[in-house]
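What follows is start-v4.csv (CSV, C-alpha atoms).
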chain,number,residue,atom,x,y,z
A,676,ASP,CA,-52.0,-5.0,-11.4
A,677,ALA,CA,-50.1,-1.8,-11.9
A,678,GLY,CA,-47.1,-2.0,-14.1
A,679,VAL,CA,-43.9,0.1,-13.8
A,680,ILE,CA,-44.8,3.7,-13.3
A,681,GLN,CA,-42.7,6.5,-14.6
A,682,SER,CA,-43.0,10.3,-14.3
A,683,PRO,CA,-43.0,12.6,-16.0
A,684,ARG,CA,-44.0,11.1,-19.4
A,685,HIS,CA,-42.5,14.2,-21.1
A,686,GLU,CA,-40.0,16.7,-20.0
A,687,VAL,CA,-38.7,19.7,-21.9
A,688,THR,CA,-36.0,21.7,-20.2
A,689,GLU,CA,-33.2,24.1,-21.1
A,690,MET,CA,-29.6,23.2,-21.1
A,691,GLY,CA,-28.0,23.5,-17.7
A,692,GLN,CA,-31.2,22.8,-15.7
A,693,GLU,CA,-31.5,19.8,-13.4
A,694,VAL,CA,-33.8,17.0,-14.5
A,695,THR,CA,-35.2,14.3,-12.2
A,696,LEU,CA,-36.9,11.3,-13.6
A,697,ARG,CA,-39.0,9.0,-11.3
A,698,CYS,CA,-39.8,5.4,-11.3
A,699,LYS,CA,-42.1,3.1,-9.2
A,700,PRO,CA,-41.3,-0.6,-9.9
A,701,ILE,CA,-43.8,-3.4,-9.8
A,702,SER,CA,-44.6,-4.3,-6.3
A,703,GLY,CA,-42.6,-7.3,-5.2
A,704,HIS,CA,-39.9,-6.9,-7.8
A,705,ASN,CA,-36.4,-6.6,-6.3
A,706,SER,CA,-34.4,-5.4,-9.3
A,707,LEU,CA,-34.7,-2.1,-11.1
A,708,PHE,CA,-33.1,-0.9,-14.2
A,709,TRP,CA,-32.7,2.4,-16.0
A,710,TYR,CA,-32.2,2.4,-19.7
A,711,ARG,CA,-31.8,5.1,-22.3
A,712,GLN,CA,-33.0,4.9,-25.9
A,713,THR,CA,-31.7,7.0,-28.7
A,714,MET,CA,-31.6,6.6,-32.5
A,715,MET,CA,-27.8,6.6,-32.5
A,716,ARG,CA,-27.2,4.2,-29.7
A,717,GLY,CA,-30.4,2.2,-29.4
A,718,LEU,CA,-31.3,0.8,-26.0
A,719,GLU,CA,-28.5,1.0,-23.4
A,720,LEU,CA,-28.4,0.1,-19.8
A,721,LEU,CA,-27.4,3.0,-17.5
A,722,ILE,CA,-27.6,1.4,-14.1
A,723,TYR,CA,-29.4,-1.3,-12.2
A,724,PHE,CA,-30.2,-2.0,-8.6
A,725,ASN,CA,-30.8,-5.3,-6.7
A,726,ASN,CA,-32.6,-5.0,-3.4
A,727,ASN,CA,-32.2,-1.2,-3.6
A,728,VAL,CA,-28.4,-1.5,-3.9
A,729,PRO,CA,-26.7,-0.2,-7.1
A,730,ILE,CA,-24.9,-3.2,-8.7
A,731,ASP,CA,-23.6,-1.9,-12.0
A,732,ASP,CA,-23.5,1.8,-13.0
A,733,SER,CA,-20.9,1.4,-15.7
A,734,GLY,CA,-23.4,2.6,-18.2
A,735,MET,CA,-23.9,6.0,-16.6
A,736,PRO,CA,-22.5,8.4,-19.2
A,737,GLU,CA,-20.7,10.7,-16.8
A,738,ASP,CA,-20.8,12.4,-13.5
A,739,ARG,CA,-23.7,14.5,-14.5
A,740,PHE,CA,-25.9,11.4,-14.1
A,741,SER,CA,-26.9,10.0,-10.8
A,742,ALA,CA,-29.4,7.4,-9.6
A,743,LYS,CA,-30.9,6.5,-6.3
A,744,MET,CA,-33.2,3.9,-4.9
A,745,PRO,CA,-34.1,4.9,-1.3
A,746,ASN,CA,-36.6,2.1,-0.9
A,747,ALA,CA,-38.1,-0.8,-2.8
A,748,SER,CA,-40.8,1.2,-4.3
A,749,PHE,CA,-39.1,4.3,-5.7
A,750,SER,CA,-36.1,5.3,-7.8
A,751,THR,CA,-34.8,8.5,-9.3
A,752,LEU,CA,-32.5,9.3,-12.1
A,753,LYS,CA,-31.1,12.8,-12.0
A,754,ILE,CA,-29.2,14.7,-14.6
A,755,GLN,CA,-27.4,17.9,-13.4
A,756,PRO,CA,-26.6,19.9,-15.4
A,757,SER,CA,-28.6,18.7,-18.5
A,758,GLU,CA,-27.2,19.0,-22.0
A,759,PRO,CA,-28.9,18.7,-25.4
A,760,ARG,CA,-27.2,15.4,-26.0
A,761,ASP,CA,-29.1,14.0,-23.1
A,762,SER,CA,-32.3,14.2,-25.1
A,763,ALA,CA,-33.6,10.6,-25.3
A,764,VAL,CA,-36.3,8.3,-24.0
A,765,TYR,CA,-35.5,7.0,-20.6
A,766,PHE,CA,-37.0,3.7,-19.5
A,767,CYS,CA,-37.3,2.2,-16.1
A,768,ALA,CA,-37.8,-1.6,-15.8
A,769,SER,CA,-38.2,-3.9,-13.0
A,770,SER,CA,-37.8,-7.7,-12.5
A,771,SER,CA,-38.0,-10.3,-9.9
A,772,VAL,CA,-34.6,-12.0,-9.5
A,773,ARG,CA,-34.3,-15.1,-7.3
A,774,GLY,CA,-30.9,-16.7,-7.2
A,775,PRO,CA,-29.6,-17.7,-10.6
A,776,VAL,CA,-33.0,-17.4,-12.3
A,777,TYR,CA,-33.3,-14.4,-14.5
A,778,ASN,CA,-36.8,-13.4,-15.1
A,779,GLU,CA,-38.1,-11.0,-17.7
A,780,GLN,CA,-37.9,-7.3,-17.2
A,781,PHE,CA,-41.1,-5.2,-17.4
A,782,PHE,CA,-40.7,-1.8,-18.7
A,783,GLY,CA,-42.4,1.5,-17.9
A,784,PRO,CA,-43.9,3.8,-20.5
A,785,GLY,CA,-40.7,5.8,-20.6
A,786,THR,CA,-40.0,9.5,-20.1
A,787,ARG,CA,-39.2,11.5,-23.3
A,788,LEU,CA,-36.6,14.1,-22.4
A,789,THR,CA,-35.9,17.1,-24.6
A,790,VAL,CA,-33.1,19.4,-23.6
A,791,LEU,CA,-33.0,22.6,-25.6
B,318,ALA,CA,-18.1,-7.5,-29.4
B,319,GLN,CA,-21.8,-7.2,-30.2
B,320,LYS,CA,-23.8,-9.7,-28.3
B,321,VAL,CA,-27.0,-9.6,-30.2
B,322,THR,CA,-27.4,-9.0,-33.9
B,323,GLN,CA,-30.6,-8.3,-35.7
B,324,ALA,CA,-29.4,-7.9,-39.3
B,325,GLN,CA,-32.8,-6.9,-40.6
B,326,THR,CA,-33.2,-3.2,-40.0
B,327,GLU,CA,-36.6,-2.9,-41.7
B,328,ILE,CA,-39.1,-5.4,-43.1
B,329,SER,CA,-42.4,-4.7,-44.9
B,330,VAL,CA,-45.0,-7.3,-45.6
B,331,VAL,CA,-48.6,-7.3,-46.8
B,332,GLU,CA,-51.2,-8.2,-44.3
B,333,LYS,CA,-51.8,-11.9,-43.9
B,334,GLU,CA,-48.2,-12.8,-45.0
B,335,ASP,CA,-45.9,-14.7,-42.7
B,336,VAL,CA,-42.7,-12.9,-41.6
B,337,THR,CA,-39.6,-14.1,-39.7
B,338,LEU,CA,-37.4,-11.8,-37.7
B,339,ASP,CA,-33.9,-13.0,-37.3
B,340,CYS,CA,-31.8,-12.8,-34.1
B,341,VAL,CA,-28.2,-14.1,-33.7
B,342,TYR,CA,-26.5,-13.9,-30.4
B,343,GLU,CA,-23.0,-14.3,-29.1
B,344,THR,CA,-22.0,-15.5,-25.6
B,345,ARG,CA,-19.4,-17.6,-23.8
B,346,ASP,CA,-21.8,-18.4,-21.0
B,347,THR,CA,-23.3,-21.8,-20.9
B,348,THR,CA,-26.3,-20.5,-19.1
B,349,TYR,CA,-28.1,-17.5,-20.6
B,350,TYR,CA,-31.5,-16.2,-21.4
B,351,LEU,CA,-33.0,-14.8,-24.6
B,352,PHE,CA,-35.9,-12.4,-24.9
B,353,TRP,CA,-38.1,-10.7,-27.5
B,354,TYR,CA,-39.7,-7.4,-26.8
B,355,LYS,CA,-42.1,-5.4,-29.0
B,356,GLN,CA,-42.1,-1.6,-29.2
B,357,PRO,CA,-45.2,-0.3,-30.9
B,358,PRO,CA,-45.5,3.2,-32.2
B,359,SER,CA,-46.8,4.3,-28.8
B,360,GLY,CA,-43.3,3.7,-27.5
B,361,GLU,CA,-43.6,1.3,-24.7
B,362,LEU,CA,-41.6,-1.9,-24.5
B,363,VAL,CA,-43.7,-5.0,-24.3
B,364,PHE,CA,-42.3,-8.3,-23.2
B,365,LEU,CA,-43.1,-11.2,-25.5
B,366,ILE,CA,-41.0,-14.2,-24.5
B,367,ARG,CA,-38.1,-15.5,-22.4
B,368,ARG,CA,-36.1,-18.6,-23.3
B,369,ASN,CA,-33.5,-20.4,-21.2
B,370,SER,CA,-30.3,-21.7,-22.9
B,371,PHE,CA,-31.0,-25.2,-21.6
B,372,ASP,CA,-34.5,-25.4,-23.2
B,373,GLU,CA,-34.4,-25.5,-27.0
B,374,GLN,CA,-38.0,-26.5,-27.3
B,375,ASN,CA,-39.7,-24.2,-29.8
B,376,GLU,CA,-42.7,-22.3,-28.6
B,377,ILE,CA,-45.9,-21.2,-30.2
B,378,SER,CA,-48.3,-18.6,-28.9
B,379,GLY,CA,-51.2,-17.9,-31.1
B,380,ARG,CA,-49.8,-16.3,-34.3
B,381,TYR,CA,-46.3,-16.0,-32.8
B,382,SER,CA,-43.7,-18.7,-32.8
B,383,TRP,CA,-40.0,-18.8,-31.8
B,384,ASN,CA,-37.3,-21.1,-33.1
B,385,PHE,CA,-34.3,-21.4,-30.8
B,386,GLN,CA,-31.2,-23.2,-32.2
B,387,LYS,CA,-28.1,-23.3,-30.1
B,388,SER,CA,-26.1,-24.8,-33.0
B,389,THR,CA,-26.5,-21.6,-34.9
B,390,SER,CA,-26.8,-19.2,-32.0
B,391,SER,CA,-30.1,-18.1,-33.3
B,392,PHE,CA,-33.5,-17.2,-31.8
B,393,ASN,CA,-35.8,-16.3,-34.6
B,394,PHE,CA,-39.3,-15.0,-34.3
B,395,THR,CA,-42.1,-15.8,-36.8
B,396,ILE,CA,-45.4,-14.0,-37.1
B,397,THR,CA,-48.0,-16.0,-39.0
B,398,ALA,CA,-50.8,-14.2,-40.9
B,399,SER,CA,-49.5,-10.8,-40.0
B,400,GLN,CA,-51.8,-8.0,-39.1
B,401,VAL,CA,-51.5,-4.2,-39.1
B,402,VAL,CA,-51.3,-4.2,-35.3
B,403,ASP,CA,-48.1,-6.2,-35.6
B,404,SER,CA,-46.4,-3.1,-37.0
B,405,ALA,CA,-43.7,-2.3,-34.4
B,406,VAL,CA,-40.0,-2.4,-33.7
B,407,TYR,CA,-39.0,-5.8,-32.4
B,408,PHE,CA,-36.0,-6.3,-30.1
B,409,CYS,CA,-34.1,-9.4,-29.3
B,410,ALA,CA,-32.1,-9.4,-26.1
B,411,LEU,CA,-29.7,-11.5,-24.2
B,412,SER,CA,-28.9,-11.9,-20.5
B,413,GLU,CA,-25.9,-13.8,-19.4
B,414,ALA,CA,-26.0,-15.6,-16.1
B,415,GLN,CA,-22.4,-16.2,-15.2
B,416,THR,CA,-21.3,-12.6,-15.5
B,417,GLY,CA,-23.4,-12.0,-12.4
B,418,ALA,CA,-25.1,-9.3,-14.1
B,419,ASN,CA,-28.8,-9.2,-14.7
B,420,ASN,CA,-28.9,-6.6,-17.4
B,421,LEU,CA,-30.2,-7.1,-20.9
B,422,PHE,CA,-28.1,-6.7,-24.1
B,423,PHE,CA,-30.4,-5.5,-26.8
B,424,GLY,CA,-30.1,-5.9,-30.5
B,425,THR,CA,-30.7,-2.8,-32.7
B,426,GLY,CA,-34.2,-3.9,-33.5
B,427,THR,CA,-36.2,-4.7,-36.6
B,428,ARG,CA,-38.9,-2.4,-37.7
B,429,LEU,CA,-41.8,-4.3,-39.1
B,430,THR,CA,-44.4,-2.6,-41.2
B,431,VAL,CA,-47.5,-4.6,-42.1
B,432,ILE,CA,-49.3,-3.0,-45.1
B,433,PRO,CA,-53.1,-3.4,-45.2
Now that the file is in, can you turn its structure into structure tokens?
Amino acid sequence: DAGVIQSPRHEVTEMGQEVTLRCKPISGHNSLFWYRQTMMRGLELLIYFNNNVPIDDSGMPEDRFSAKMPNASFSTLKIQPSEPRDSAVYFCASSSVRGPVYNEQFFGPGTRLTVL
Amino acid sequence: AQKVTQAQTEISVVEKEDVTLDCVYETRDTTYYLFWYKQPPSGELVFLIRRNSFDEQNEISGRYSWNFQKSTSSFNFTITASQVVDSAVYFCALSEAQTGANNLFFGTGTRLTVIP
């Protein structure tokens, strides 16, 4: 079975450019999460979706960040304009949530973003 | 308030030694879930185990074992007869049910180095 798929795996861009990260969750999973990992802040949740609806975006750093989930099999995280401090590894994860039961999240391989 | 504490930043052991990774959590919810993830040098996050707050039974999976103690709010992870392939950063995480959120609060991780 295919796991969570993220693209690109590596992205190098210049400050001010728009960056779009993509994620395909595991088929059948109804929750999708975007995390960012940095040395300073560790792993932090940016936003998550249940059934394609954004539930909590309180972790999104600022208006330069936006995320969409147009359907159950695709999500994007966009940064516009990008800044050097956005350099990090961005993980997408998916999970199957049924009622009060919280199942484990499965993570994609991550996208390593470098903003010069 | 920090919800998950992994006090051990780095641990080094010699191959075949046993090692325990500590995790202490904080929550006011009566229903919650605890997780361990492994992040090898390649960077992906690998799910290891999920534990429900109402199930304190310890679990063993091969060389891995987990000790969940609600009385001390701890969920420790022991690797028996460590191997070089166990070298990774290990994250403990918490998900709280009553908040309605499905996100994971991660600890800062423990970097384990197994020396051959």
Near region 695-698 of chain A, within 10 Å and counting all atoms listed in the file, which residues show up once chain neighbours fewer than 2 positions away are dropped, as a PyMOL selection string? chain A and resi 679-686+693+700-701+707-709+740-744+748-755+765-769+783+785-788
List every residue of chain B that has an atom at most 8 Å from any atom of chain A, giving for each one its closest atom pair and the distance in Å to one decimal, counting all atoms listed in the file, sorted by chain and then by ascending residue number, as CSV.
residue,atom,partner,partner_atom,distance
B:Tyr350,CA,A:Tyr777,CA,7.4
B:Phe352,CA,A:Glu779,CA,7.7
B:Gly360,CA,A:Pro784,CA,7.0
B:Glu361,CA,A:Pro784,CA,4.9
B:Leu362,CA,A:Phe782,CA,5.9
B:Val363,CA,A:Phe782,CA,7.1
B:Phe364,CA,A:Phe781,CA,6.7
B:Arg367,CA,A:Glu779,CA,6.5
B:Ser412,CA,A:Tyr777,CA,7.8
B:Ala414,CA,A:Pro775,CA,6.9
B:Ala418,CA,A:Asp731,CA,7.8
B:Asn419,CA,A:Tyr777,CA,6.9
B:Asn420,CA,A:Leu720,CA,7.1
B:Leu421,CA,A:Leu720,CA,7.5
B:Phe422,CA,A:Glu719,CA,7.7
B:Phe423,CA,A:Leu718,CA,6.4
B:Thr425,CA,A:Gly717,CA,6.0
May I ask for the distance between CA of Ile396 (chain B) and CA of Tyr342 (chain B), given in Å to one decimal place?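 These two atoms are separated by 20.1 Å.
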List the neighbours of Val401 (chain B) out to 9 Å using all atoms listed in the file; skip same-chain residues closer than 4 positions along the sequence, and give me the result as a list in words.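 Everything that qualifies: Val331, Glu332, Thr430, Val431, Ile432 and Pro433 of chain B.
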In Å, rounded to a single decimal, give me how far CA of Arg760 (chain A) is from CA of Val406 (chain B).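 Rounded to one decimal, the two atoms are 23.2 Å apart.
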Could you give me, as a list in words, the residues that have an atom at most 12 Å away from the point (-25.6, -6.2, -34.9) in the coordinates of the file, using only C-alpha atoms?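 Within the cut-off we find Arg716 and Gly717 of chain A; Ala318, Gln319, Lys320, Val321, Thr322, Gln323, Ala324, Gln325, Thr326, Asp339, Cys340, Val341, Tyr342, Glu343, Phe408, Cys409, Ala410, Phe422, Phe423, Gly424, Thr425, Gly426 and Thr427 of chain B.
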Distance of CA of Pro736 (chain A) from CA of Gln692 (chain A), expressed in Å to one decimal place: 17.2 Å
From (-53.5, -12.3, -28.6), in the file's coordinates, out to 12 Å: which residues are reached, counting only C-alpha atoms? Answer as a list in words. Leu365, Ile377, Ser378, Gly379, Arg380, Tyr381, Ile396, Gln400, Val402 and Asp403 of chain B
Would you export the selected residues with C-alpha atoms as a PDB file, in the coordinates of the input, please?
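Output saved as result-v7.pdb:
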ATOM      1  CA  LEU B 365     -43.100 -11.200 -25.500  1.00  0.00           C
ATOM      2  CA  ILE B 377     -45.900 -21.200 -30.200  1.00  0.00           C
ATOM      3  CA  SER B 378     -48.300 -18.600 -28.900  1.00  0.00           C
ATOM      4  CA  GLY B 379     -51.200 -17.900 -31.100  1.00  0.00           C
ATOM      5  CA  ARG B 380     -49.800 -16.300 -34.300  1.00  0.00           C
ATOM      6  CA  TYR B 381     -46.300 -16.000 -32.800  1.00  0.00           C
ATOM      7  CA  ILE B 396     -45.400 -14.000 -37.100  1.00  0.00           C
ATOM      8  CA  GLN B 400     -51.800  -8.000 -39.100  1.00  0.00           C
ATOM      9  CA  VAL B 402     -51.300  -4.200 -35.300  1.00  0.00           C
ATOM     10  CA  ASP B 403     -48.100  -6.200 -35.600  1.00  0.00           C
TER      11      ASP B 403
END
